[in-house]
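Okay, entry06.cif now, which holds mmCIF, C-alpha atoms:
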```
data_coords
loop_
_atom_site.label_atom_id
_atom_site.label_comp_id
_atom_site.auth_asym_id
_atom_site.auth_seq_id
_atom_site.Cartn_x
_atom_site.Cartn_y
_atom_site.Cartn_z
CA MET U 141 214.82 70.11 -24.32
CA GLN U 142 212.54 73.12 -24.74
CA GLU U 143 215.52 75.47 -25.13
CA ASN U 144 217.05 73.57 -28.06
CA LEU U 145 213.66 73.10 -29.72
CA ALA U 146 212.88 76.80 -29.33
CA LYS U 147 216.17 77.82 -30.97
CA GLY U 148 215.68 75.47 -33.90
CA VAL U 149 212.04 76.33 -34.51
CA SER U 150 212.71 80.06 -34.20
CA ALA U 151 215.57 79.94 -36.72
CA VAL U 152 213.59 77.92 -39.27
CA SER U 153 210.43 80.02 -38.87
CA ARG U 154 212.35 83.05 -40.20
CA ILE U 155 212.94 81.23 -43.50
CA VAL U 156 209.39 80.03 -44.06
CA GLY U 157 207.42 81.78 -46.81
CA VAL U 158 204.58 83.25 -44.74
CA ARG U 159 203.08 85.13 -47.71
CA SER U 160 203.23 82.21 -50.08
CA THR U 161 200.13 81.16 -51.99
CA LEU U 162 201.16 77.55 -51.34
CA PRO U 163 199.96 76.54 -47.84
CA ILE U 164 202.74 73.97 -47.46
CA LEU U 165 205.35 76.76 -47.63
CA SER U 166 203.88 78.32 -44.49
CA ASN U 167 204.73 75.12 -42.67
CA MET U 168 207.97 73.69 -41.37
CA LEU U 169 208.94 70.06 -41.66
CA LEU U 170 209.48 67.98 -38.53
CA SER U 171 210.95 64.52 -39.04
CA THR U 172 213.00 61.99 -37.13
CA ASP U 173 216.51 61.30 -38.37
CA LYS U 174 218.86 58.81 -36.70
CA GLY U 175 217.91 59.68 -33.16
CA ARG U 176 217.57 63.38 -33.89
CA LEU U 177 214.74 65.74 -34.76
CA LYS U 178 215.10 67.41 -38.13
CA ILE U 179 213.47 70.83 -38.48
CA ALA U 180 213.37 72.34 -41.98
CA GLY U 181 211.78 75.27 -43.74
CA THR U 182 211.96 76.89 -47.15
CA ASP U 183 210.49 79.65 -49.30
CA LEU U 184 211.91 77.99 -52.45
CA GLU U 185 214.72 80.56 -52.53
CA ILE U 186 216.39 79.71 -49.21
CA ALA U 187 216.12 76.55 -47.11
CA LEU U 188 217.33 75.94 -43.57
CA VAL U 189 217.77 72.55 -41.92
CA VAL U 190 218.45 72.29 -38.19
CA PHE U 191 219.06 69.08 -36.23
CA ILE U 192 218.51 68.84 -32.49
CA GLY U 193 218.95 65.97 -30.08
CA ALA U 194 215.76 64.08 -29.24
CA LYS U 195 214.59 60.84 -27.68
CA VAL U 196 212.86 59.11 -30.58
CA GLU U 197 210.36 56.42 -29.65
CA LYS U 198 208.77 56.11 -33.10
CA GLU U 199 209.88 57.33 -36.51
CA GLY U 200 207.63 59.84 -38.23
CA SER U 201 207.28 63.17 -40.05
CA ILE U 202 204.78 65.97 -40.50
CA THR U 203 204.62 69.63 -41.53
CA VAL U 204 203.04 72.15 -39.16
CA PRO U 205 202.32 75.90 -39.28
CA ALA U 206 205.68 77.51 -38.61
CA ARG U 207 204.60 80.63 -36.74
CA LEU U 208 202.09 78.74 -34.60
CA LEU U 209 204.65 76.16 -33.51
CA ALA U 210 207.24 78.88 -32.88
CA ASP U 211 204.78 80.77 -30.66
CA PHE U 212 203.88 77.62 -28.74
CA VAL U 213 207.46 76.56 -28.10
CA SER U 214 208.80 80.03 -27.22
CA SER U 215 206.01 80.68 -24.71
CA ASN U 216 206.35 77.26 -23.07
CA GLN U 217 208.43 77.39 -19.88
CA ASP U 218 208.56 73.62 -19.26
CA LYS U 219 211.95 71.95 -19.75
CA THR U 220 210.71 69.06 -21.89
CA ILE U 221 208.18 69.00 -24.73
CA ASN U 222 206.79 65.75 -26.16
CA LEU U 223 205.63 65.61 -29.79
CA LEU U 224 203.21 62.93 -30.96
CA VAL U 225 202.22 62.65 -34.63
CA GLU U 226 198.96 61.04 -35.71
CA ASN U 227 198.15 61.31 -39.41
CA THR U 228 198.29 65.09 -40.11
CA GLN U 229 197.91 66.25 -36.50
CA ILE U 230 200.66 66.76 -33.97
CA THR U 231 200.10 66.85 -30.23
CA ALA U 232 202.63 68.97 -28.34
CA LYS U 233 202.56 68.28 -24.64
CA SER U 234 204.61 69.35 -21.64
CA ASP U 235 204.07 69.40 -17.87
CA HIS U 236 201.66 72.34 -17.97
CA VAL U 237 200.61 72.79 -21.59
CA THR U 238 198.95 70.67 -24.27
CA ALA U 239 198.27 71.79 -27.84
CA HIS U 240 196.95 70.10 -30.97
CA LEU U 241 198.26 71.50 -34.24
CA HIS U 242 196.76 70.64 -37.62
CA GLY U 243 199.45 70.02 -40.18
CA LEU U 244 199.92 68.77 -43.74
CA ASP U 245 201.41 65.57 -45.10
CA ALA U 246 205.22 65.62 -45.09
CA GLU U 247 205.26 64.01 -48.55
CA ASP U 248 203.94 67.29 -50.01
CA PHE U 249 206.82 69.32 -48.58
CA PRO U 250 209.27 70.62 -51.21
CA LEU U 251 212.45 68.62 -51.61
CA ILE U 252 215.35 70.46 -50.01
CA PRO U 253 218.39 70.07 -52.27
CA ASP U 254 221.63 68.52 -51.13
CA VAL U 255 224.35 70.85 -52.37
CA THR U 256 227.28 68.73 -53.50
CA SER U 257 230.53 69.84 -55.08
CA ASP U 258 234.08 68.62 -55.37
CA GLU U 259 235.21 71.75 -53.58
CA SER U 260 234.31 73.09 -50.14
CA TYR U 261 235.90 75.93 -48.24
CA GLN U 262 236.48 76.35 -44.50
CA ILE U 263 236.01 79.76 -42.89
CA LYS U 264 236.38 80.97 -39.31
CA PRO U 265 232.92 81.90 -37.95
CA SER U 266 234.20 85.18 -36.47
CA ASP U 267 235.68 86.22 -39.81
CA LEU U 268 232.54 85.33 -41.74
CA LYS U 269 230.23 87.09 -39.31
CA GLU U 270 232.33 90.25 -39.48
CA VAL U 271 232.64 90.31 -43.26
CA ILE U 272 228.90 89.83 -43.71
CA ASN U 273 228.21 92.73 -41.36
CA GLN U 274 230.68 94.96 -43.20
CA VAL U 275 229.41 94.25 -46.71
CA VAL U 276 225.72 93.29 -46.90
CA PHE U 277 224.41 96.78 -46.04
CA ALA U 278 225.63 98.06 -49.43
CA THR U 279 223.43 95.76 -51.53
CA ALA U 280 220.50 97.17 -53.50
CA LEU U 281 216.92 96.84 -52.29
CA ASP U 282 215.47 97.64 -55.71
CA GLU U 283 215.28 94.50 -57.83
CA THR U 284 215.55 96.38 -61.13
CA ARG U 285 219.07 94.95 -61.39
CA PRO U 286 218.84 91.60 -59.58
CA VAL U 287 222.60 91.02 -59.37
CA LEU U 288 222.95 94.13 -57.19
CA THR U 289 220.62 92.59 -54.59
CA GLY U 290 223.32 89.99 -54.07
CA VAL U 291 226.91 89.89 -52.87
CA LEU U 292 229.77 88.90 -55.15
CA CYS U 293 231.72 86.05 -53.56
CA VAL U 294 235.23 85.51 -54.92
CA ILE U 295 237.52 82.72 -53.75
CA HIS U 296 241.12 83.17 -54.82
CA GLY U 297 244.05 81.29 -53.39
CA SER U 298 243.82 81.53 -49.61
CA THR U 299 241.25 84.32 -49.47
CA LEU U 300 237.53 84.98 -49.69
CA THR U 301 236.40 88.40 -50.90
CA LEU U 302 232.83 89.69 -50.61
CA VAL U 303 231.70 92.73 -52.61
CA ALA U 304 228.39 94.58 -52.52
CA THR U 305 227.14 97.70 -54.28
CA ASP U 306 223.85 99.42 -55.03
CA SER U 307 225.62 101.69 -57.59
CA TYR U 308 225.68 104.57 -55.07
CA ARG U 309 228.08 102.97 -52.59
CA LEU U 310 230.32 99.94 -52.48
CA ALA U 311 231.88 97.73 -49.82
CA GLU U 312 234.63 95.15 -50.34
CA ARG U 313 236.21 93.00 -47.64
CA THR U 314 238.75 90.17 -47.86
CA ILE U 315 239.21 87.48 -45.22
CA PRO U 316 241.49 84.42 -45.08
CA LEU U 317 240.31 80.88 -45.68
CA MET U 318 241.32 78.28 -43.12
CA LYS U 319 243.20 76.44 -45.88
CA PRO U 320 244.06 77.34 -49.50
CA ALA U 321 241.45 76.71 -52.19
CA PRO U 322 242.53 74.33 -54.96
CA LYS U 323 240.95 76.55 -57.60
CA ASP U 324 239.44 80.01 -57.97
CA VAL U 325 235.65 80.36 -58.07
CA SER U 326 233.09 83.17 -57.89
CA CYS U 327 229.32 83.48 -57.56
CA ILE U 328 226.63 85.97 -56.52
CA ILE U 329 224.87 85.12 -53.26
CA PRO U 330 221.57 86.83 -52.29
CA ALA U 331 222.06 89.38 -49.53
CA ARG U 332 219.25 87.83 -47.50
CA THR U 333 221.09 84.50 -47.50
CA LEU U 334 224.20 86.03 -46.01
CA SER U 335 222.18 88.04 -43.49
CA GLU U 336 220.56 84.83 -42.24
CA VAL U 337 223.95 83.12 -42.02
CA GLY U 338 225.33 86.04 -40.00
CA ARG U 339 222.32 85.92 -37.69
CA LEU U 340 222.68 82.19 -37.07
CA LEU U 341 226.45 82.05 -36.60
CA GLU U 342 227.79 81.33 -33.15
CA LEU U 343 231.39 82.41 -32.64
CA SER U 344 232.10 79.35 -30.48
CA LEU U 345 231.88 77.10 -33.55
CA GLU U 346 235.09 75.71 -34.99
CA SER U 347 234.41 76.47 -38.65
CA VAL U 348 231.87 77.13 -41.39
CA THR U 349 231.86 74.97 -44.51
CA LEU U 350 230.98 76.85 -47.69
CA THR U 351 230.02 74.67 -50.65
CA ILE U 352 229.44 76.22 -54.08
CA ALA U 353 227.71 74.21 -56.80
CA GLN U 354 226.54 75.30 -60.24
CA THR U 355 223.27 76.94 -59.19
CA GLN U 356 223.26 76.65 -55.40
CA VAL U 357 225.39 77.39 -52.37
CA SER U 358 225.31 76.02 -48.84
CA PHE U 359 226.70 77.07 -45.48
CA SER U 360 227.08 74.30 -42.89
CA PHE U 361 227.96 75.01 -39.28
CA GLY U 362 227.13 73.37 -35.97
CA ASN U 363 223.75 71.68 -36.33
CA CYS U 364 222.61 73.97 -39.18
CA THR U 365 222.78 73.88 -42.95
CA LEU U 366 221.48 76.83 -44.98
CA ILE U 367 220.97 76.32 -48.70
CA SER U 368 220.35 79.09 -51.22
CA ARG U 369 220.11 79.61 -54.92
CA ILE U 370 222.87 81.54 -56.66
CA LEU U 371 221.84 84.70 -58.54
CA GLU U 372 222.26 84.56 -62.30
CA GLY U 373 223.96 87.35 -64.19
CA THR U 374 227.26 89.16 -64.47
CA TYR U 375 228.42 91.35 -61.63
CA PRO U 376 229.60 94.82 -62.69
CA ASP U 377 233.32 95.43 -63.03
CA TYR U 378 233.59 97.53 -59.88
CA GLU U 379 237.37 97.83 -60.04
CA GLN U 380 237.09 100.39 -62.84
CA ILE U 381 235.45 102.97 -60.55
CA ILE U 382 238.00 102.66 -57.75
CA PRO U 383 240.38 105.66 -57.91
CA LYS U 384 243.87 104.55 -58.86
CA LYS U 385 245.55 107.59 -57.33
CA ALA U 386 244.18 109.96 -54.70
CA THR U 387 244.79 113.71 -54.96
CA THR U 388 243.29 114.44 -51.53
CA ILE U 389 243.82 112.29 -48.43
CA ALA U 390 242.36 112.93 -44.98
CA GLN U 391 242.54 110.93 -41.77
CA VAL U 392 239.98 111.62 -39.05
CA SER U 393 238.45 110.04 -35.97
CA ILE U 394 235.49 107.80 -36.79
CA GLY U 395 233.57 108.98 -33.74
CA ALA U 396 234.09 112.67 -34.50
CA LEU U 397 233.14 112.20 -38.15
CA GLN U 398 229.98 110.31 -37.18
CA SER U 399 228.88 113.12 -34.86
CA ALA U 400 229.43 115.77 -37.52
CA LEU U 401 227.63 113.77 -40.20
CA LYS U 402 224.64 113.00 -37.96
CA LEU U 403 224.18 116.71 -37.26
CA ALA U 404 224.49 117.63 -40.93
CA SER U 405 222.12 114.81 -41.86
CA SER U 406 219.49 116.20 -39.48
CA PHE U 407 219.53 119.47 -41.42
CA SER U 408 219.29 117.75 -44.80
CA ARG U 409 216.54 115.17 -44.38
CA ASP U 410 214.33 116.95 -46.90
CA ILE U 411 217.09 117.02 -49.53
CA SER U 412 218.03 113.32 -49.42
CA HIS U 413 220.71 113.84 -46.74
CA ASN U 414 222.77 115.86 -49.22
CA ILE U 415 225.76 117.39 -47.40
CA ARG U 416 229.03 119.03 -48.34
CA ILE U 417 232.51 118.12 -47.18
CA VAL U 418 235.49 120.46 -47.62
CA PHE U 419 239.04 119.14 -47.30
CA ILE U 420 241.83 121.71 -46.92
CA PRO U 421 245.48 120.68 -46.41
CA ASP U 422 246.71 121.18 -42.85
CA SER U 423 243.24 122.29 -41.73
CA PRO U 424 240.21 120.62 -40.11
CA THR U 425 237.63 118.98 -42.38
CA THR U 426 234.42 121.01 -42.67
CA ILE U 427 231.01 119.34 -42.97
CA SER U 428 227.96 121.45 -43.76
CA ALA U 429 224.33 121.18 -44.84
CA THR U 430 221.89 123.78 -46.10
CA SER U 431 218.14 123.36 -46.51
CA ALA U 432 215.65 126.04 -47.52
CA ASN U 433 213.10 124.43 -45.20
CA MET U 434 215.20 123.36 -42.21
CA GLY U 435 218.11 125.80 -41.99
CA ASP U 436 221.84 125.20 -42.14
CA THR U 437 224.77 123.93 -40.10
CA SER U 438 228.53 123.80 -40.40
CA ASN U 439 231.05 122.06 -38.15
CA THR U 440 234.66 120.95 -38.29
CA VAL U 441 236.40 117.66 -37.62
CA GLU U 442 240.02 117.65 -36.52
CA GLY U 443 242.45 115.42 -38.39
CA THR U 444 245.23 115.48 -40.95
CA THR U 445 244.69 116.38 -44.61
CA THR U 446 247.23 116.32 -47.42
CA GLY U 447 247.07 116.95 -51.16
CA GLU U 448 244.66 119.30 -52.91
CA THR U 449 241.80 121.38 -51.53
CA LEU U 450 238.53 119.65 -52.37
CA GLU U 451 234.83 120.33 -51.91
CA ILE U 452 232.52 117.40 -52.54
CA ALA U 453 228.81 116.67 -52.06
CA CYS U 454 227.51 113.27 -50.99
CA ASN U 455 224.79 111.43 -49.10
CA ALA U 456 225.53 111.58 -45.37
CA LYS U 457 223.53 108.44 -44.64
CA PHE U 458 225.68 106.36 -46.98
CA ILE U 459 228.82 107.41 -45.14
CA LEU U 460 227.21 106.83 -41.73
CA ASP U 461 226.25 103.29 -42.76
CA ILE U 462 229.89 102.61 -43.58
CA LEU U 463 231.27 104.16 -40.40
CA ALA U 464 228.85 102.06 -38.31
CA VAL U 465 230.72 98.91 -39.35
CA MET U 466 234.19 100.38 -39.88
CA PRO U 467 236.80 98.68 -37.66
CA GLY U 468 239.28 100.74 -35.65
CA ASP U 469 239.19 104.27 -34.29
CA SER U 470 240.09 106.31 -37.36
CA VAL U 471 239.24 106.32 -41.06
CA THR U 472 241.30 107.39 -44.05
CA ILE U 473 239.37 109.17 -46.80
CA LYS U 474 240.82 109.31 -50.30
CA CYS U 475 239.51 111.11 -53.36
CA ALA U 476 240.69 112.08 -56.84
CA GLY U 477 238.40 115.06 -57.44
CA LYS U 478 234.85 116.32 -56.96
CA VAL U 479 233.39 113.84 -59.47
CA SER U 480 235.42 110.93 -58.12
CA PRO U 481 234.01 108.61 -55.45
CA LEU U 482 235.11 108.97 -51.86
CA MET U 483 237.09 105.96 -50.71
CA LEU U 484 236.88 105.20 -47.01
CA ILE U 485 239.21 102.62 -45.49
CA PRO U 486 240.27 101.80 -41.93
CA SER U 487 243.45 103.72 -41.15
CA SER U 488 245.14 100.64 -39.69
CA ARG U 489 244.03 97.94 -42.18
CA VAL U 490 244.11 97.20 -45.89
CA ASP U 491 241.52 94.38 -46.14
CA TYR U 492 238.43 96.61 -46.22
CA ARG U 493 237.53 99.19 -48.88
CA THR U 494 234.37 101.22 -49.24
CA LEU U 495 233.23 103.82 -51.75
CA VAL U 496 230.54 106.50 -51.82
CA MET U 497 229.62 108.10 -55.12
CA PRO U 498 229.57 111.93 -55.15
CA LEU U 499 226.55 114.11 -55.83
CA LYS U 500 226.44 117.09 -58.17
CA LEU U 501 227.49 120.29 -56.43
CA ASP U 502 224.96 123.11 -56.60
CA ASP U 503 227.11 126.20 -57.01
#
```
Write-out of the structure in structure tokens:
Amino acid sequence: MQENLAKGVSAVSRIVGVRSTLPILSNMLLSTDKGRLKIAGTDLEIALVVFIGAKVEKEGSITVPARLLADFVSSNQDKTINLLVENTQITAKSDHVTAHLHGLDAEDFPLIPDVTSDESYQIKPSDLKEVINQVVFATALDETRPVLTGVLCVIHGSTLTLVATDSYRLAERTIPLMKPAPKDVSCIIPARTLSEVGRLLELSLESVTLTIAQTQVSFSFGNCTLISRILEGTYPDYEQIIPKKATTIAQVSIGALQSALKLASSFSRDISHNIRIVFIPDSPTTISATSANMGDTSNTVEGTTTGETLEIACNAKFILDILAVMPGDSVTIKCAGKVSPLMLIPSSRVDYRTLVMPLKLDD
């Protein structure tokens, strides 16, 4: 079926290394496998294998340019597409379209590893999709510290915890496993790997199988298996920066806080979205921004505040990124002073913690 082929080819084409100096890495592998069509691609960091149903008349395999095949299949409106391999050429034919694609020998395609381990873990697709969305945004883009471009994955008892930080903000979320893990394990998974898993996940699936080996990890679900390397290195001890006791606590509406921060951010684009937040007990929270070039703004957000009066400076964009994935209608903000990070957690839940590091106040 064209629809199934289009989904598989589209998913795999995202993985393929289009800028690679090795021509074979710009191709995807097509091969028959027990009455199915196997579609695979890799950039040597991540590999994706997708199986789709097919009527196989003759066994065979070939690699073809990934983007070219994806364009052909996605633009083809016929219900059925026939693929015929002859040496290193594949003929794709349907009722109204015929194309000849020049490929490369399948024997030259990199071997995609089979991740095996004594332990695998079952996760609900809806839980995994949500936790990826709530954590991955906080990873670092700068590869100066490679471990920060990944997400710490910790399996403990009956839970899976994902943690990400770029040293300016942090996100931690814990979800339940479908059954208890026989032993604790942890690894650092590249953020891109998890983003691809989140993009591919369908909530109608029964479960996702996570397998962690010594240097690789795999996610298997439905007709897909995504394999990735594990990042080497030691993840920073993030627990030491989490405030143990808050001296100022505020609870506000997420929507109202987002509106106030977006306005303040507009006035502080030229100063790295630097804004000020003032918490006063039994008073609205004040959010302001001042720029010599753009002007200034100040607005208030209704809510409840207890503890000490506090003025703190921070990056508005970092907080907005958190609020965009924060569950619920209200957020609780905790802080232990102007040099302590802001902790933002959902007011109705305890399984999600986020932090934003403060900026130096210009008095």
Proximity of stretch 289-392 of chain U to stretch 150-161 of chain U: per-residue shortest pair, 10 Å limit, all atoms listed in the file, as CSV:
```
residue,atom,partner,partner_atom,distance
U:Arg332,CA,U:Ile155,CA,10.0
U:Thr333,CA,U:Ile155,CA,9.6
U:Glu336,CA,U:Ile155,CA,8.5
U:Arg339,CA,U:Ala151,CA,9.1
U:Leu340,CA,U:Ala151,CA,7.5
U:Cys364,CA,U:Ala151,CA,9.6
U:Leu366,CA,U:Ile155,CA,9.7
```
Residues matched by the PyMOL selection byres ((chain U and resi 396) around 12), written as JSON, numbers by chain:
{"U": [391, 392, 393, 394, 395, 397, 398, 399, 400, 401, 402, 403, 424, 425, 426, 427, 439, 440, 441, 442, 443, 460, 463, 469, 470, 471]}
Can I get the selection written as a PDB file, in the frame of the given file, with C-alpha atoms?
```
ATOM      1  CA  GLN U 391     242.540 110.930 -41.770  1.00  0.00           C
ATOM      2  CA  VAL U 392     239.980 111.620 -39.050  1.00  0.00           C
ATOM      3  CA  SER U 393     238.450 110.040 -35.970  1.00  0.00           C
ATOM      4  CA  ILE U 394     235.490 107.800 -36.790  1.00  0.00           C
ATOM      5  CA  GLY U 395     233.570 108.980 -33.740  1.00  0.00           C
ATOM      6  CA  LEU U 397     233.140 112.200 -38.150  1.00  0.00           C
ATOM      7  CA  GLN U 398     229.980 110.310 -37.180  1.00  0.00           C
ATOM      8  CA  SER U 399     228.880 113.120 -34.860  1.00  0.00           C
ATOM      9  CA  ALA U 400     229.430 115.770 -37.520  1.00  0.00           C
ATOM     10  CA  LEU U 401     227.630 113.770 -40.200  1.00  0.00           C
ATOM     11  CA  LYS U 402     224.640 113.000 -37.960  1.00  0.00           C
ATOM     12  CA  LEU U 403     224.180 116.710 -37.260  1.00  0.00           C
ATOM     13  CA  PRO U 424     240.210 120.620 -40.110  1.00  0.00           C
ATOM     14  CA  THR U 425     237.630 118.980 -42.380  1.00  0.00           C
ATOM     15  CA  THR U 426     234.420 121.010 -42.670  1.00  0.00           C
ATOM     16  CA  ILE U 427     231.010 119.340 -42.970  1.00  0.00           C
ATOM     17  CA  ASN U 439     231.050 122.060 -38.150  1.00  0.00           C
ATOM     18  CA  THR U 440     234.660 120.950 -38.290  1.00  0.00           C
ATOM     19  CA  VAL U 441     236.400 117.660 -37.620  1.00  0.00           C
ATOM     20  CA  GLU U 442     240.020 117.650 -36.520  1.00  0.00           C
ATOM     21  CA  GLY U 443     242.450 115.420 -38.390  1.00  0.00           C
ATOM     22  CA  LEU U 460     227.210 106.830 -41.730  1.00  0.00           C
ATOM     23  CA  LEU U 463     231.270 104.160 -40.400  1.00  0.00           C
ATOM     24  CA  ASP U 469     239.190 104.270 -34.290  1.00  0.00           C
ATOM     25  CA  SER U 470     240.090 106.310 -37.360  1.00  0.00           C
ATOM     26  CA  VAL U 471     239.240 106.320 -41.060  1.00  0.00           C
TER      27      VAL U 471
END
```
Pull the closest atom pair for each residue of stretch 300-349 of chain U that gets at most 9 Å from stretch 378-388 of chain U, along with the distance in Å to one decimal, counting only C-alpha atoms, ordering rows by chain and then ascending residue number, as JSON lines.
```
{"residue": "U:Val303", "atom": "CA", "partner": "U:Tyr378", "partner_atom": "CA", "distance": 8.9}
{"residue": "U:Thr305", "atom": "CA", "partner": "U:Tyr378", "partner_atom": "CA", "distance": 8.5}
{"residue": "U:Leu310", "atom": "CA", "partner": "U:Tyr378", "partner_atom": "CA", "distance": 8.4}
```
With distances taken over all atoms listed in the file, which of U:Val490, U:Glu346, U:Ile329, U:Gly175 is nearest to U:Val287?
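That would be U:Ile329, the residue with the smallest distance to U:Val287.
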Carefully work through the PyMOL selection byres ((chain U and resi 367) around 7) for this structure and note down the residues it includes, as number ranges by chain.
U: 186-188, 357-359, 365-366, 368
Expanded to explicit residues, what is the PyMOL selection byres ((chain U and resi 413) around 10) for this file, as a ChimeraX atom specification?
/U:401-402,404-412,414-416,429,431,454-458
Best match for closeness to U:Ser326 among U:Gly468, U:Pro486, U:Pro253, U:Gly297, counting only C-alpha atoms:
U:Gly297
Would you please work out which residue, of U:Thr449, U:Ser171, U:Thr289, U:Thr374, is nearest to U:Val276 when using only C-alpha atoms?
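Under the stated criterion, the closest residue is U:Thr289.
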To one decimal place, how far is atom CA of U:Thr430 from atom CA of U:Leu501 in Å?
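One can read the atom CA of U:Thr430 to atom CA of U:Leu501 distance as 12.3 Å.
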Given only C-alpha atoms as the basis, pick out the residue of U:Ala206, U:Ile179, U:Ile221, U:Ile192 nearest to U:Asn167.
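Of U:Ala206, U:Ile179, U:Ile221, U:Ile192, the one nearest U:Asn167, counting only C-alpha atoms, is U:Ala206.
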List the neighbours of U:Lys269 out to 12 Å using all atoms listed in the file; skip same-chain residues closer than 3 positions along the sequence, and give me the result as a ChimeraX atom specification.
/U:263-266,272-276,302,313,315,334-345,347-348,465
So that I can see what lies close to U:Tyr375, please list as a PyMOL selection string the residues with an atom at most 10 Å from it, counting all atoms listed in the file and leaving out residues fewer than 4 positions away in the same chain.
chain U and resi 286-288+290-292+303-305+327-328+371
Tell me, as a count of residues only, which residues lie within 7 Å of U:Ser201, counting only C-alpha atoms; anything in the same chain fewer than 5 positions away does not count.
4
Rank U:Ile462, U:Asp306, U:Gln142, U:Asp258 by their smallest atom-to-atom distance to U:Lys233, using all atoms listed in the file, and report the top residue only.
U:Gln142
Length of the atom CA of U:Lys147 to atom CA of U:Val196 vector [Å]:
19.0 Å
Would you compute the distance between atom CA of U:Met168 and atom CA of U:Val204? Give it in Å to one decimal.
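These atoms are spaced 5.6 Å apart.
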Select, from U:Leu350, U:Ala453, U:Ala278, U:Ile164, the residue with the minimum atom-to-atom distance to U:Thr182, counting all atoms listed in the file.
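Among U:Leu350, U:Ala453, U:Ala278, U:Ile164, it is U:Ile164 that comes nearest to U:Thr182.
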